[in-house]
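Student: Next up is a structure, given as structure tokens.
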Amino acid sequence: MIATLIQATLAGLGLIFLPLFLWRHRLKTPVDQTHGSPLYLVLFYFLCLGAGFMFVEIAFIQKFLLFLGQPTYTVATVLCGFLVFSGLGSLFSTKFKNSCLLRQRNPILFAIGIVSLITCLYLQLLPFIFSQLTINSNIIKIIFSICLIGPLAFFMGIPFPLGIDLLRRCHPSFITWAWGINGYASVVSAILATFLAITFGFNTVILLATTIYLFGAWVSYYYWVSE
């Protein structure tokens, strides 16, 4: 596992961060002129989103495995829940941004705040919820699992498209890098989350995911106010 993590990390560094470093003078200037924000700080936001998403997803697979019992059902249910509802969150991200409540505020900060709140609540409440539902059939437990994952995944799907939209308006050529770094973070974080869970436990992984998301929220605040 450590060897795989090292290989993925080195490959990502070579394919993404090395070109960024070599082209730093060409890439940094347009962003600085537009927003006063360093490019690397902007791309760190997408790194946080990829890492935070995978940390939560990997940890929830383990959490729901204790509830559903069957690894196949668990992986299918959790992945389906996260992918479908995060996709819906992305689909409705523009409406979320343009809502009356958020029109004069940072919608990314708001969405990440909700993600952090739900994650911390689930960390405390999931054991109790599972204990109350464990006697039900697999179908009922799968339905309840989707219902629990849905709200969290929905808001987890909002920050990425809003970040891309903000980047599109300031410097569209960096969108490719944002996708690449987000994908790199997702690949590396899936391995890293498993390693950390074995070493420190899945609750620690969830807390780290919340911390990573909050770092992303800080970057979005810094970048949004300079828009």
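Within each chain, counting starts at residue 1; across the structure tokens, chains are named A, B, ... in the order shown, with ligands numbered 1 upward in that order.
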Can you tell me, as a list in words, what residues are no more than 10 Å from Val187 (chain A) when counting only C-alpha atoms, ignoring any on the same chain fewer than 3 positions away?
Tutor: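 Answer for this query is Leu5, Ala8, Thr9, Gly12, Gly50, Ala51, Met54, Ile181, Asn182, Gly183, Tyr184, Ala190, Ile191 and Leu192 of chain A.
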Student: Could you name the residues that touch region 106-109 of chain A at 9 Å or less, counting only C-alpha atoms, but leaving out those on the same chain fewer than 5 positions away, as a PyMOL selection string?
Tutor: chain A and resi 93+96-98+114+158-160+162-163+214+216-218+220-221+224-225
Student: So that I have them on file, write out the residues from the current selection with N, CA and C atoms, as a PDB file, in the first residue's frame.
Tutor:
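Contents of selection.pdb, as written:
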ATOM      1  N   SER A  93     -25.972  23.631  -8.624  1.00  0.00           N
ATOM      2  CA  SER A  93     -25.042  24.567  -7.993  1.00  0.00           C
ATOM      3  C   SER A  93     -25.307  26.013  -8.403  1.00  0.00           C
ATOM      4  N   PHE A  96     -28.250  27.207  -6.571  1.00  0.00           N
ATOM      5  CA  PHE A  96     -27.831  27.391  -5.183  1.00  0.00           C
ATOM      6  C   PHE A  96     -27.095  28.717  -5.024  1.00  0.00           C
ATOM      7  N   LYS A  97     -26.230  29.018  -5.972  1.00  0.00           N
ATOM      8  CA  LYS A  97     -25.464  30.267  -5.933  1.00  0.00           C
ATOM      9  C   LYS A  97     -26.371  31.479  -6.070  1.00  0.00           C
ATOM     10  N   ASN A  98     -27.390  31.389  -6.924  1.00  0.00           N
ATOM     11  CA  ASN A  98     -28.248  32.530  -7.215  1.00  0.00           C
ATOM     12  C   ASN A  98     -29.441  32.659  -6.277  1.00  0.00           C
ATOM     13  N   ILE A 114     -21.955  23.490   5.482  1.00  0.00           N
ATOM     14  CA  ILE A 114     -22.979  22.463   5.667  1.00  0.00           C
ATOM     15  C   ILE A 114     -22.359  21.069   5.616  1.00  0.00           C
ATOM     16  N   ILE A 158     -21.408  20.637  -4.692  1.00  0.00           N
ATOM     17  CA  ILE A 158     -21.581  22.043  -5.063  1.00  0.00           C
ATOM     18  C   ILE A 158     -20.267  22.818  -5.209  1.00  0.00           C
ATOM     19  N   PRO A 159     -19.290  22.671  -4.312  1.00  0.00           N
ATOM     20  CA  PRO A 159     -18.103  23.544  -4.381  1.00  0.00           C
ATOM     21  C   PRO A 159     -17.289  23.424  -5.662  1.00  0.00           C
ATOM     22  N   PHE A 160     -17.196  22.223  -6.238  1.00  0.00           N
ATOM     23  CA  PHE A 160     -16.343  22.069  -7.425  1.00  0.00           C
ATOM     24  C   PHE A 160     -16.856  22.867  -8.625  1.00  0.00           C
ATOM     25  N   LEU A 162     -18.814  25.416  -8.720  1.00  0.00           N
ATOM     26  CA  LEU A 162     -18.751  26.844  -8.428  1.00  0.00           C
ATOM     27  C   LEU A 162     -17.316  27.356  -8.526  1.00  0.00           C
ATOM     28  N   GLY A 163     -16.365  26.528  -8.100  1.00  0.00           N
ATOM     29  CA  GLY A 163     -14.966  26.909  -8.245  1.00  0.00           C
ATOM     30  C   GLY A 163     -14.547  26.984  -9.704  1.00  0.00           C
ATOM     31  N   LEU A 214     -12.410  22.516   5.228  1.00  0.00           N
ATOM     32  CA  LEU A 214     -12.358  23.856   5.816  1.00  0.00           C
ATOM     33  C   LEU A 214     -11.189  24.661   5.254  1.00  0.00           C
ATOM     34  N   GLY A 216     -10.219  24.326   2.187  1.00  0.00           N
ATOM     35  CA  GLY A 216     -10.785  24.745   0.912  1.00  0.00           C
ATOM     36  C   GLY A 216     -11.727  25.921   1.068  1.00  0.00           C
ATOM     37  N   ALA A 217     -12.502  25.929   2.154  1.00  0.00           N
ATOM     38  CA  ALA A 217     -13.409  27.045   2.415  1.00  0.00           C
ATOM     39  C   ALA A 217     -12.634  28.337   2.640  1.00  0.00           C
ATOM     40  N   TRP A 218     -11.522  28.232   3.356  1.00  0.00           N
ATOM     41  CA  TRP A 218     -10.692  29.422   3.590  1.00  0.00           C
ATOM     42  C   TRP A 218     -10.158  29.972   2.272  1.00  0.00           C
ATOM     43  N   SER A 220     -11.500  29.577  -0.675  1.00  0.00           N
ATOM     44  CA  SER A 220     -12.614  30.139  -1.436  1.00  0.00           C
ATOM     45  C   SER A 220     -12.987  31.520  -0.909  1.00  0.00           C
ATOM     46  N   TYR A 221     -12.921  31.707   0.401  1.00  0.00           N
ATOM     47  CA  TYR A 221     -13.227  33.023   0.970  1.00  0.00           C
ATOM     48  C   TYR A 221     -12.198  34.048   0.519  1.00  0.00           C
ATOM     49  N   TRP A 224     -12.866  34.558  -3.230  1.00  0.00           N
ATOM     50  CA  TRP A 224     -14.169  35.112  -3.574  1.00  0.00           C
ATOM     51  C   TRP A 224     -14.230  36.607  -3.291  1.00  0.00           C
ATOM     52  N   VAL A 225     -13.675  37.013  -2.145  1.00  0.00           N
ATOM     53  CA  VAL A 225     -13.768  38.427  -1.780  1.00  0.00           C
ATOM     54  C   VAL A 225     -12.935  39.300  -2.699  1.00  0.00           C
TER      55      VAL A 225
END
Student: Choose the residue, out of A:Leu47, A:Phe110, A:Asn138, A:Pro161, that has the smallest atom-to-atom separation from Leu91 (chain A); count only C-alpha atoms.
Tutor: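 For Leu91 (chain A), the nearest of the candidates is A:Pro161.
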Student: So that I can see what lies close to Ala153 (chain A), please list as a PyMOL selection string the residues with an atom at most 6 Å from it, counting only C-alpha atoms and leaving out residues fewer than 5 positions away in the same chain.
Tutor: chain A and resi 82+85-86
Student: Dump all heavy atoms for the selected residues as a PDB file, in the first residue's frame?
Tutor:
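Saved to again.pdb:
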ATOM      1  N   PHE A  82     -23.106   8.637  -3.292  1.00  0.00           N
ATOM      2  CA  PHE A  82     -22.221   9.798  -3.427  1.00  0.00           C
ATOM      3  C   PHE A  82     -22.202  10.324  -4.862  1.00  0.00           C
ATOM      4  O   PHE A  82     -22.248  11.543  -5.084  1.00  0.00           O
ATOM      5  CB  PHE A  82     -20.807   9.443  -2.975  1.00  0.00           C
ATOM      6  CG  PHE A  82     -20.583   9.640  -1.507  1.00  0.00           C
ATOM      7  CD1 PHE A  82     -20.564   8.556  -0.642  1.00  0.00           C
ATOM      8  CD2 PHE A  82     -20.405  10.904  -0.978  1.00  0.00           C
ATOM      9  CE1 PHE A  82     -20.370   8.731   0.719  1.00  0.00           C
ATOM     10  CE2 PHE A  82     -20.205  11.099   0.375  1.00  0.00           C
ATOM     11  CZ  PHE A  82     -20.192  10.006   1.235  1.00  0.00           C
ATOM     12  N   PHE A  85     -25.924  11.836  -5.882  1.00  0.00           N
ATOM     13  CA  PHE A  85     -26.329  13.054  -5.186  1.00  0.00           C
ATOM     14  C   PHE A  85     -25.299  14.175  -5.319  1.00  0.00           C
ATOM     15  O   PHE A  85     -25.675  15.352  -5.330  1.00  0.00           O
ATOM     16  CB  PHE A  85     -26.620  12.744  -3.718  1.00  0.00           C
ATOM     17  CG  PHE A  85     -27.960  12.108  -3.504  1.00  0.00           C
ATOM     18  CD1 PHE A  85     -28.088  10.727  -3.458  1.00  0.00           C
ATOM     19  CD2 PHE A  85     -29.103  12.879  -3.381  1.00  0.00           C
ATOM     20  CE1 PHE A  85     -29.320  10.128  -3.279  1.00  0.00           C
ATOM     21  CE2 PHE A  85     -30.345  12.297  -3.200  1.00  0.00           C
ATOM     22  CZ  PHE A  85     -30.454  10.912  -3.152  1.00  0.00           C
ATOM     23  N   SER A  86     -24.021  13.842  -5.427  1.00  0.00           N
ATOM     24  CA  SER A  86     -23.046  14.905  -5.698  1.00  0.00           C
ATOM     25  C   SER A  86     -23.242  15.443  -7.111  1.00  0.00           C
ATOM     26  O   SER A  86     -23.052  16.638  -7.364  1.00  0.00           O
ATOM     27  CB  SER A  86     -21.618  14.391  -5.512  1.00  0.00           C
ATOM     28  OG  SER A  86     -21.314  13.357  -6.439  1.00  0.00           O
TER      29      SER A  86
END
Student: Excluding Asn136 (chain A) and its own-chain neighbours fewer than 6 positions away, which residues fall within 12 Å of it when counting only C-alpha atoms? Please give them as a PyMOL selection string.
Tutor: chain A and resi 67-68+130+142-144
Student: Could those residues be written to a file, using all heavy atoms, as a compact mmCIF listing (two decimals), in the first residue's frame?
Tutor:
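Saved to again_6.txt:
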# COMPACT_ATOMS: atom_id res chain seq x y z
N PHE A 67 -22.95 -1.58 8.94
CA PHE A 67 -24.41 -1.53 8.96
C PHE A 67 -25.03 -2.50 7.96
O PHE A 67 -25.95 -3.27 8.30
CB PHE A 67 -24.86 -0.10 8.67
CG PHE A 67 -26.34 0.09 8.56
CD1 PHE A 67 -27.19 -0.33 9.57
CD2 PHE A 67 -26.90 0.72 7.45
CE1 PHE A 67 -28.57 -0.14 9.49
CE2 PHE A 67 -28.27 0.91 7.36
CZ PHE A 67 -29.10 0.48 8.37
N LEU A 68 -24.53 -2.50 6.74
CA LEU A 68 -25.11 -3.33 5.69
C LEU A 68 -24.59 -4.77 5.72
O LEU A 68 -25.28 -5.68 5.27
CB LEU A 68 -24.83 -2.70 4.32
CG LEU A 68 -25.47 -1.32 4.09
CD1 LEU A 68 -25.01 -0.73 2.77
CD2 LEU A 68 -26.99 -1.41 4.14
N PHE A 130 -27.56 3.38 13.24
CA PHE A 130 -27.37 2.01 12.76
C PHE A 130 -27.91 0.99 13.76
O PHE A 130 -28.49 -0.03 13.37
CB PHE A 130 -25.89 1.75 12.49
CG PHE A 130 -25.35 2.49 11.29
CD1 PHE A 130 -23.98 2.63 11.11
CD2 PHE A 130 -26.20 3.04 10.35
CE1 PHE A 130 -23.48 3.30 10.01
CE2 PHE A 130 -25.71 3.72 9.24
CZ PHE A 130 -24.35 3.85 9.07
N ILE A 142 -30.58 -0.40 2.82
CA ILE A 142 -30.00 0.29 1.67
C ILE A 142 -30.72 1.61 1.42
O ILE A 142 -30.09 2.64 1.15
CB ILE A 142 -30.05 -0.62 0.42
CG1 ILE A 142 -29.04 -1.76 0.57
CG2 ILE A 142 -29.77 0.18 -0.84
CD1 ILE A 142 -29.12 -2.80 -0.53
N ILE A 143 -32.05 1.59 1.52
CA ILE A 143 -32.83 2.82 1.32
C ILE A 143 -32.45 3.87 2.37
O ILE A 143 -32.24 5.05 2.05
CB ILE A 143 -34.34 2.52 1.37
CG1 ILE A 143 -34.74 1.67 0.17
CG2 ILE A 143 -35.15 3.82 1.41
CD1 ILE A 143 -36.17 1.18 0.20
N PHE A 144 -32.36 3.44 3.63
CA PHE A 144 -31.96 4.37 4.68
C PHE A 144 -30.54 4.88 4.46
O PHE A 144 -30.23 6.05 4.74
CB PHE A 144 -32.08 3.70 6.05
CG PHE A 144 -33.43 3.85 6.69
CD1 PHE A 144 -34.32 2.79 6.73
CD2 PHE A 144 -33.81 5.06 7.25
CE1 PHE A 144 -35.57 2.93 7.31
CE2 PHE A 144 -35.06 5.21 7.84
CZ PHE A 144 -35.94 4.14 7.87
Student: Please provide the set of residues having any atom within 10 Å of Thr210 (chain A), restricted to only C-alpha atoms, with same-chain residues fewer than 6 positions apart removed, written as a PDB file with N, CA, C and O atoms, in the first residue's frame.
Tutor:
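Output saved as around21.pdb:
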ATOM      1  N   GLY A  52     -10.704  15.831   0.187  1.00  0.00           N
ATOM      2  CA  GLY A  52     -11.788  15.764   1.159  1.00  0.00           C
ATOM      3  C   GLY A  52     -12.895  14.821   0.728  1.00  0.00           C
ATOM      4  O   GLY A  52     -13.416  14.044   1.536  1.00  0.00           O
ATOM      5  N   PHE A  53     -13.254  14.870  -0.548  1.00  0.00           N
ATOM      6  CA  PHE A  53     -14.318  14.007  -1.063  1.00  0.00           C
ATOM      7  C   PHE A  53     -13.949  12.536  -0.897  1.00  0.00           C
ATOM      8  O   PHE A  53     -14.757  11.728  -0.418  1.00  0.00           O
ATOM      9  N   PHE A  55     -11.685  11.170   1.106  1.00  0.00           N
ATOM     10  CA  PHE A  55     -11.560  10.795   2.510  1.00  0.00           C
ATOM     11  C   PHE A  55     -12.931  10.443   3.089  1.00  0.00           C
ATOM     12  O   PHE A  55     -13.087   9.438   3.793  1.00  0.00           O
ATOM     13  N   VAL A  56     -13.925  11.278   2.794  1.00  0.00           N
ATOM     14  CA  VAL A  56     -15.277  11.012   3.292  1.00  0.00           C
ATOM     15  C   VAL A  56     -15.827   9.729   2.678  1.00  0.00           C
ATOM     16  O   VAL A  56     -16.395   8.877   3.372  1.00  0.00           O
ATOM     17  N   ILE A 112     -19.629  24.291   1.986  1.00  0.00           N
ATOM     18  CA  ILE A 112     -18.619  23.553   2.748  1.00  0.00           C
ATOM     19  C   ILE A 112     -18.948  23.575   4.236  1.00  0.00           C
ATOM     20  O   ILE A 112     -18.705  22.598   4.956  1.00  0.00           O
ATOM     21  N   GLY A 113     -19.521  24.673   4.704  1.00  0.00           N
ATOM     22  CA  GLY A 113     -19.952  24.722   6.098  1.00  0.00           C
ATOM     23  C   GLY A 113     -21.003  23.669   6.400  1.00  0.00           C
ATOM     24  O   GLY A 113     -20.958  23.007   7.449  1.00  0.00           O
ATOM     25  N   VAL A 115     -21.424  20.851   4.688  1.00  0.00           N
ATOM     26  CA  VAL A 115     -20.735  19.560   4.606  1.00  0.00           C
ATOM     27  C   VAL A 115     -20.023  19.243   5.916  1.00  0.00           C
ATOM     28  O   VAL A 115     -20.119  18.125   6.447  1.00  0.00           O
ATOM     29  N   SER A 116     -19.314  20.219   6.459  1.00  0.00           N
ATOM     30  CA  SER A 116     -18.584  20.011   7.712  1.00  0.00           C
ATOM     31  C   SER A 116     -19.535  19.716   8.862  1.00  0.00           C
ATOM     32  O   SER A 116     -19.272  18.841   9.699  1.00  0.00           O
ATOM     33  N   LEU A 117     -20.656  20.430   8.901  1.00  0.00           N
ATOM     34  CA  LEU A 117     -21.635  20.225   9.969  1.00  0.00           C
ATOM     35  C   LEU A 117     -22.247  18.828   9.894  1.00  0.00           C
ATOM     36  O   LEU A 117     -22.320  18.111  10.907  1.00  0.00           O
ATOM     37  N   ILE A 118     -22.684  18.425   8.695  1.00  0.00           N
ATOM     38  CA  ILE A 118     -23.298  17.101   8.542  1.00  0.00           C
ATOM     39  C   ILE A 118     -22.289  16.002   8.856  1.00  0.00           C
ATOM     40  O   ILE A 118     -22.621  15.002   9.515  1.00  0.00           O
ATOM     41  N   THR A 119     -21.057  16.175   8.409  1.00  0.00           N
ATOM     42  CA  THR A 119     -20.026  15.164   8.658  1.00  0.00           C
ATOM     43  C   THR A 119     -19.792  14.973  10.150  1.00  0.00           C
ATOM     44  O   THR A 119     -19.714  13.839  10.643  1.00  0.00           O
ATOM     45  N   CYS A 120     -19.679  16.072  10.877  1.00  0.00           N
ATOM     46  CA  CYS A 120     -19.460  15.977  12.326  1.00  0.00           C
ATOM     47  C   CYS A 120     -20.669  15.376  13.037  1.00  0.00           C
ATOM     48  O   CYS A 120     -20.518  14.595  13.987  1.00  0.00           O
ATOM     49  N   THR A 204     -10.765   9.294  12.515  1.00  0.00           N
ATOM     50  CA  THR A 204      -9.702  10.266  12.249  1.00  0.00           C
ATOM     51  C   THR A 204      -9.719  10.706  10.792  1.00  0.00           C
ATOM     52  O   THR A 204      -9.512  11.886  10.482  1.00  0.00           O
ATOM     53  N   GLY A 216     -10.219  24.326   2.187  1.00  0.00           N
ATOM     54  CA  GLY A 216     -10.785  24.745   0.912  1.00  0.00           C
ATOM     55  C   GLY A 216     -11.727  25.921   1.068  1.00  0.00           C
ATOM     56  O   GLY A 216     -11.758  26.828   0.230  1.00  0.00           O
TER      57      GLY A 216
END
Student: Smallest atom-to-atom distance to Ile149 (chain A): which of A:Tyr122, A:Phe174, A:Phe215, A:Phe21, using only C-alpha atoms?
Tutor: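 Closest residue, counting only C-alpha atoms: A:Tyr122.
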Student: My list of candidates is A:Cys48, A:Leu88, A:Leu22, A:Ile139. Which is closest to Tyr73 (chain A) when distances are computed with only C-alpha atoms?
Tutor: A:Ile139
